[in-house]
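Chemist: File name start_21.pdb; file contents PDB, C-alpha atoms, pLDDT in the B column; full text below.
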```pdb
ATOM      1  CA  VAL A   1      80.557  89.498  95.620  1.00 67.00           C
ATOM      2  CA  HIS A   2      78.162  91.236  93.220  1.00 70.00           C
ATOM      3  CA  ASN A   3      75.696  92.055  96.007  1.00 71.00           C
ATOM      4  CA  GLY A   4      78.503  93.290  98.239  1.00 73.00           C
ATOM      5  CA  ILE A   5      79.668  95.673  95.506  1.00 77.00           C
ATOM      6  CA  GLU A   6      76.101  96.925  95.053  1.00 82.00           C
ATOM      7  CA  TYR A   7      75.884  97.618  98.802  1.00 79.00           C
ATOM      8  CA  GLY A   8      78.949  99.817  98.414  1.00 82.00           C
ATOM      9  CA  ASP A   9      77.475 101.576  95.370  1.00 89.00           C
ATOM     10  CA  MET A  10      74.229 102.243  97.246  1.00 88.00           C
ATOM     11  CA  GLN A  11      76.201 103.591 100.210  1.00 86.00           C
ATOM     12  CA  LEU A  12      77.995 106.072  97.944  1.00 90.00           C
ATOM     13  CA  ILE A  13      74.734 107.095  96.253  1.00 94.00           C
ATOM     14  CA  SER A  14      73.034 107.660  99.601  1.00 91.00           C
ATOM     15  CA  GLU A  15      75.950 109.694 100.935  1.00 92.00           C
ATOM     16  CA  ALA A  16      75.973 111.866  97.789  1.00 96.00           C
ATOM     17  CA  TYR A  17      72.198 112.361  98.097  1.00 96.00           C
ATOM     18  CA  ASP A  18      72.483 113.289 101.790  1.00 94.00           C
ATOM     19  CA  LEU A  19      75.304 115.746 101.117  1.00 97.00           C
ATOM     20  CA  LEU A  20      73.390 117.443  98.274  1.00 97.00           C
ATOM     21  CA  LYS A  21      70.126 117.537 100.264  1.00 96.00           C
ATOM     22  CA  THR A  22      71.911 118.975 103.303  1.00 96.00           C
ATOM     23  CA  ALA A  23      73.487 121.611 101.027  1.00 97.00           C
ATOM     24  CA  GLY A  24      69.953 122.774 100.211  1.00 97.00           C
ATOM     25  CA  LEU A  25      69.290 121.226  96.821  1.00 97.00           C
ATOM     26  CA  ASN A  26      65.781 119.969  96.106  1.00 96.00           C
ATOM     27  CA  ASN A  27      64.864 116.584  94.609  1.00 95.00           C
ATOM     28  CA  GLU A  28      64.720 117.904  91.030  1.00 96.00           C
ATOM     29  CA  GLU A  29      68.159 119.522  91.319  1.00 98.00           C
ATOM     30  CA  ILE A  30      69.658 116.375  92.811  1.00 98.00           C
ATOM     31  CA  ALA A  31      68.006 114.268  90.094  1.00 98.00           C
ATOM     32  CA  ASP A  32      69.576 116.532  87.462  1.00 98.00           C
ATOM     33  CA  ILE A  33      73.026 115.913  88.974  1.00 98.00           C
ATOM     34  CA  PHE A  34      72.542 112.141  89.064  1.00 98.00           C
ATOM     35  CA  GLU A  35      71.260 112.184  85.486  1.00 98.00           C
ATOM     36  CA  GLU A  36      74.388 114.057  84.385  1.00 98.00           C
ATOM     37  CA  TRP A  37      76.578 111.600  86.278  1.00 97.00           C
ATOM     38  CA  ASN A  38      74.807 108.785  84.445  1.00 97.00           C
ATOM     39  CA  LYS A  39      76.146 110.234  81.162  1.00 98.00           C
ATOM     40  CA  THR A  40      79.729 109.729  82.369  1.00 97.00           C
ATOM     41  CA  GLU A  41      81.832 106.777  83.484  1.00 96.00           C
ATOM     42  CA  LEU A  42      79.464 106.548  86.470  1.00 92.00           C
ATOM     43  CA  GLU A  43      76.678 105.271  84.192  1.00 94.00           C
ATOM     44  CA  SER A  44      74.853 102.436  85.916  1.00 94.00           C
ATOM     45  CA  PHE A  45      71.422 101.036  86.609  1.00 95.00           C
ATOM     46  CA  LEU A  46      71.593 102.268  90.221  1.00 96.00           C
ATOM     47  CA  ILE A  47      72.419 105.861  89.187  1.00 96.00           C
ATOM     48  CA  GLU A  48      69.646 105.736  86.565  1.00 97.00           C
ATOM     49  CA  ILE A  49      66.957 104.556  88.964  1.00 97.00           C
ATOM     50  CA  THR A  50      68.148 107.054  91.559  1.00 97.00           C
ATOM     51  CA  TYR A  51      67.442 110.075  89.372  1.00 97.00           C
ATOM     52  CA  LYS A  52      64.162 108.582  88.203  1.00 96.00           C
ATOM     53  CA  ILE A  53      63.039 107.867  91.769  1.00 94.00           C
ATOM     54  CA  LEU A  54      64.025 111.368  92.899  1.00 95.00           C
ATOM     55  CA  ARG A  55      61.678 112.808  90.252  1.00 94.00           C
ATOM     56  CA  LYS A  56      58.733 110.511  91.095  1.00 91.00           C
ATOM     57  CA  LYS A  57      55.890 112.561  92.503  1.00 86.00           C
ATOM     58  CA  ASP A  58      53.413 110.993  94.866  1.00 80.00           C
ATOM     59  CA  GLU A  59      50.192 110.260  93.032  1.00 74.00           C
ATOM     60  CA  ASP A  60      48.460 107.826  95.341  1.00 63.00           C
ATOM     61  CA  VAL A  61      49.047 108.405  99.029  1.00 56.00           C
ATOM     62  CA  LEU A  62      47.977 110.970 101.589  1.00 57.00           C
ATOM     63  CA  VAL A  63      50.726 111.406 104.163  1.00 56.00           C
ATOM     64  CA  TRP A  64      52.154 114.140 106.299  1.00 57.00           C
ATOM     65  CA  SER A  65      55.360 116.073 105.884  1.00 55.00           C
ATOM     66  CA  ASP A  66      56.721 118.455 108.522  1.00 58.00           C
ATOM     67  CA  SER A  67      53.572 117.905 110.621  1.00 56.00           C
ATOM     68  CA  SER A  68      51.208 119.083 107.873  1.00 59.00           C
ATOM     69  CA  MET A  69      49.023 116.951 105.608  1.00 60.00           C
ATOM     70  CA  LEU A  70      49.894 116.855 101.931  1.00 60.00           C
ATOM     71  CA  GLU A  71      47.096 116.447  99.433  1.00 62.00           C
ATOM     72  CA  LYS A  72      47.035 113.430  97.163  1.00 62.00           C
ATOM     73  CA  GLY A  73      49.616 113.962  94.437  1.00 64.00           C
ATOM     74  CA  GLU A  74      51.680 116.481  96.388  1.00 71.00           C
ATOM     75  CA  GLY A  75      55.314 115.978  97.211  1.00 80.00           C
ATOM     76  CA  TYR A  76      57.817 113.335  96.184  1.00 86.00           C
ATOM     77  CA  VAL A  77      57.706 109.638  96.983  1.00 85.00           C
ATOM     78  CA  VAL A  78      61.336 109.679  98.184  1.00 89.00           C
ATOM     79  CA  ASP A  79      60.440 112.128 100.947  1.00 84.00           C
ATOM     80  CA  LYS A  80      57.826 109.708 102.258  1.00 77.00           C
ATOM     81  CA  VAL A  81      60.017 106.612 102.475  1.00 77.00           C
ATOM     82  CA  LEU A  82      61.081 105.405 105.916  1.00 68.00           C
ATOM     83  CA  ASP A  83      64.830 105.924 106.334  1.00 70.00           C
ATOM     84  CA  ALA A  84      65.651 102.341 107.326  1.00 66.00           C
ATOM     85  CA  THR A  85      67.475  99.495 105.627  1.00 64.00           C
ATOM     86  CA  GLY A  86      68.105  95.817 106.048  1.00 66.00           C
ATOM     87  CA  ASN A  87      70.221  93.163 104.393  1.00 65.00           C
ATOM     88  CA  LYS A  88      70.241  89.435 103.787  1.00 71.00           C
ATOM     89  CA  GLY A  89      73.839  88.807 104.791  1.00 72.00           C
ATOM     90  CA  THR A  90      75.432  88.745 101.331  1.00 72.00           C
ATOM     91  CA  GLY A  91      77.385  91.934 102.070  1.00 73.00           C
ATOM     92  CA  LYS A  92      78.741  90.406 105.287  1.00 80.00           C
ATOM     93  CA  MET A  93      79.777  87.283 103.386  1.00 82.00           C
ATOM     94  CA  THR A  94      81.656  89.452 100.882  1.00 81.00           C
ATOM     95  CA  ILE A  95      83.411  91.357 103.669  1.00 83.00           C
ATOM     96  CA  ARG A  96      84.399  88.108 105.411  1.00 86.00           C
ATOM     97  CA  GLU A  97      85.792  86.725 102.165  1.00 86.00           C
ATOM     98  CA  GLY A  98      87.670  89.977 101.554  1.00 85.00           C
ATOM     99  CA  ALA A  99      89.222  89.739 105.019  1.00 88.00           C
ATOM    100  CA  ARG A 100      90.178  86.118 104.378  1.00 91.00           C
ATOM    101  CA  LEU A 101      91.900  87.168 101.148  1.00 90.00           C
ATOM    102  CA  GLY A 102      93.450  90.289 102.656  1.00 92.00           C
ATOM    103  CA  VAL A 103      91.367  92.677 100.519  1.00 88.00           C
ATOM    104  CA  ALA A 104      90.047  95.927 102.014  1.00 85.00           C
ATOM    105  CA  CYS A 105      86.258  96.230 101.852  1.00 81.00           C
ATOM    106  CA  SER A 106      85.772  99.453 103.825  1.00 81.00           C
ATOM    107  CA  THR A 107      82.994 100.918 101.647  1.00 78.00           C
ATOM    108  CA  MET A 108      81.030  97.672 101.767  1.00 77.00           C
ATOM    109  CA  SER A 109      81.594  97.472 105.500  1.00 80.00           C
ATOM    110  CA  ALA A 110      80.299 101.026 105.991  1.00 77.00           C
ATOM    111  CA  SER A 111      77.224 100.217 103.903  1.00 73.00           C
ATOM    112  CA  ILE A 112      76.052  97.516 106.303  1.00 74.00           C
ATOM    113  CA  GLY A 113      77.147  99.313 109.437  1.00 68.00           C
ATOM    114  CA  GLY A 114      79.887  96.925 110.322  1.00 49.00           C
TER
END
```
Let's see the structure in the file written out as structure tokens.

Modeler:
Amino acid sequence: VHNGIEYGDMQLISEAYDLLKTAGLNNEEIADIFEEWNKTELESFLIEITYKILRKKDEDVLVWSDSSMLEKGEGYVVDKVLDATGNKGTGKMTIREGARLGVACSTMSASIGG
């Protein structure tokens, strides 16, 4: 159940990030928002690492962004991460158990695409 709940938390974090990014905020501005949220009842390890990751600048890798090469140390690591996920099945087990018990698990279900 713990892993299933974390899947839901990560889904909400990713949706908030996507909404803020689409609204035009940059990584530092989004990190500031998550850091403020972490000072409220939303305080959690996942919120904390989210704002820290959003601030992490690339120091080691040469990659491209928008078809142009970035020099070593330019840009943010989060912008260079492949937008793909996987799971080990623990979220699905939680959703199945929720269905068996008659408990709605819609956020967890959305987080694993099912």

Chemist: Which residues are close to A:Ser111, i.e. within 6 Å by only C-alpha atoms, leaving aside same-chain residues fewer than 6 positions away? Reply as a PyMOL selection string.

Modeler: chain A and resi 7-8+11

Chemist: List the residues selected by the PyMOL selection byres ((chain A and resi 18-28) around 12) in the file shown, writing them as a PyMOL selection string.

Modeler: chain A and resi 11-17+29-35+50-57+75-79+83

Chemist: May I have the centre and edge lengths, in Å to one decimal, of an axis-aligned box around the listed atoms of stretch 89-101 of chain A with 8 Å added to every side, as JSON?

Modeler:
```
{"center_x": 82.9, "center_y": 89.0, "center_z": 103.1, "size_x": 34.1, "size_y": 21.8, "size_z": 20.5}
```

Chemist: Quote the spacing between atom CA of A:Phe45 and atom CA of A:Met108 in Å to one decimal place.

Modeler: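 So the answer is 18.3 Å.
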
Chemist: Could you please determine the separation between atom CA of A:Gly4 and atom CA of A:Gly98 in Å, to one decimal place?

Modeler: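 Separation between atom CA of A:Gly4 and atom CA of A:Gly98: 10.3 Å.
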
Chemist: Just how far from atom CA of A:Arg96 is atom CA of A:Glu6, in Å to one decimal?

Modeler: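 Value for the atom CA of A:Glu6-atom CA of A:Arg96 distance: 15.9 Å.
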
Chemist: From the set A:His2, A:Glu74, A:Met10, A:Asp58, which residue has the shortest atom-to-atom contact distance to A:Ile112, counting all atoms listed in the file?

Modeler: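 Of the candidates, the smallest distance to A:Ile112 is held by A:Met10.
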
Chemist: Nearest residue to A:Thr107 out of A:Thr90, A:Ile95, A:Ile49, A:Glu43, using only C-alpha atoms?

Modeler: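 Checking each of A:Thr90, A:Ile95, A:Ile49, A:Glu43 against A:Thr107, counting only C-alpha atoms, the winner is A:Ile95.
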
Chemist: Between A:Arg100, A:Lys88, A:Val81, A:Asp9, which one has atoms that come closest to A:Ile47, using all atoms listed in the file?

Modeler: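 Of A:Arg100, A:Lys88, A:Val81, A:Asp9, the one nearest A:Ile47 is A:Asp9, counting all atoms listed in the file.
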
Chemist: Which one is closest to A:Thr94: A:Glu48, A:Leu42, A:Glu59, A:Ser106? Count all atoms listed in the file.

Modeler: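 Among A:Glu48, A:Leu42, A:Glu59, A:Ser106, it is A:Ser106 that comes nearest to A:Thr94.
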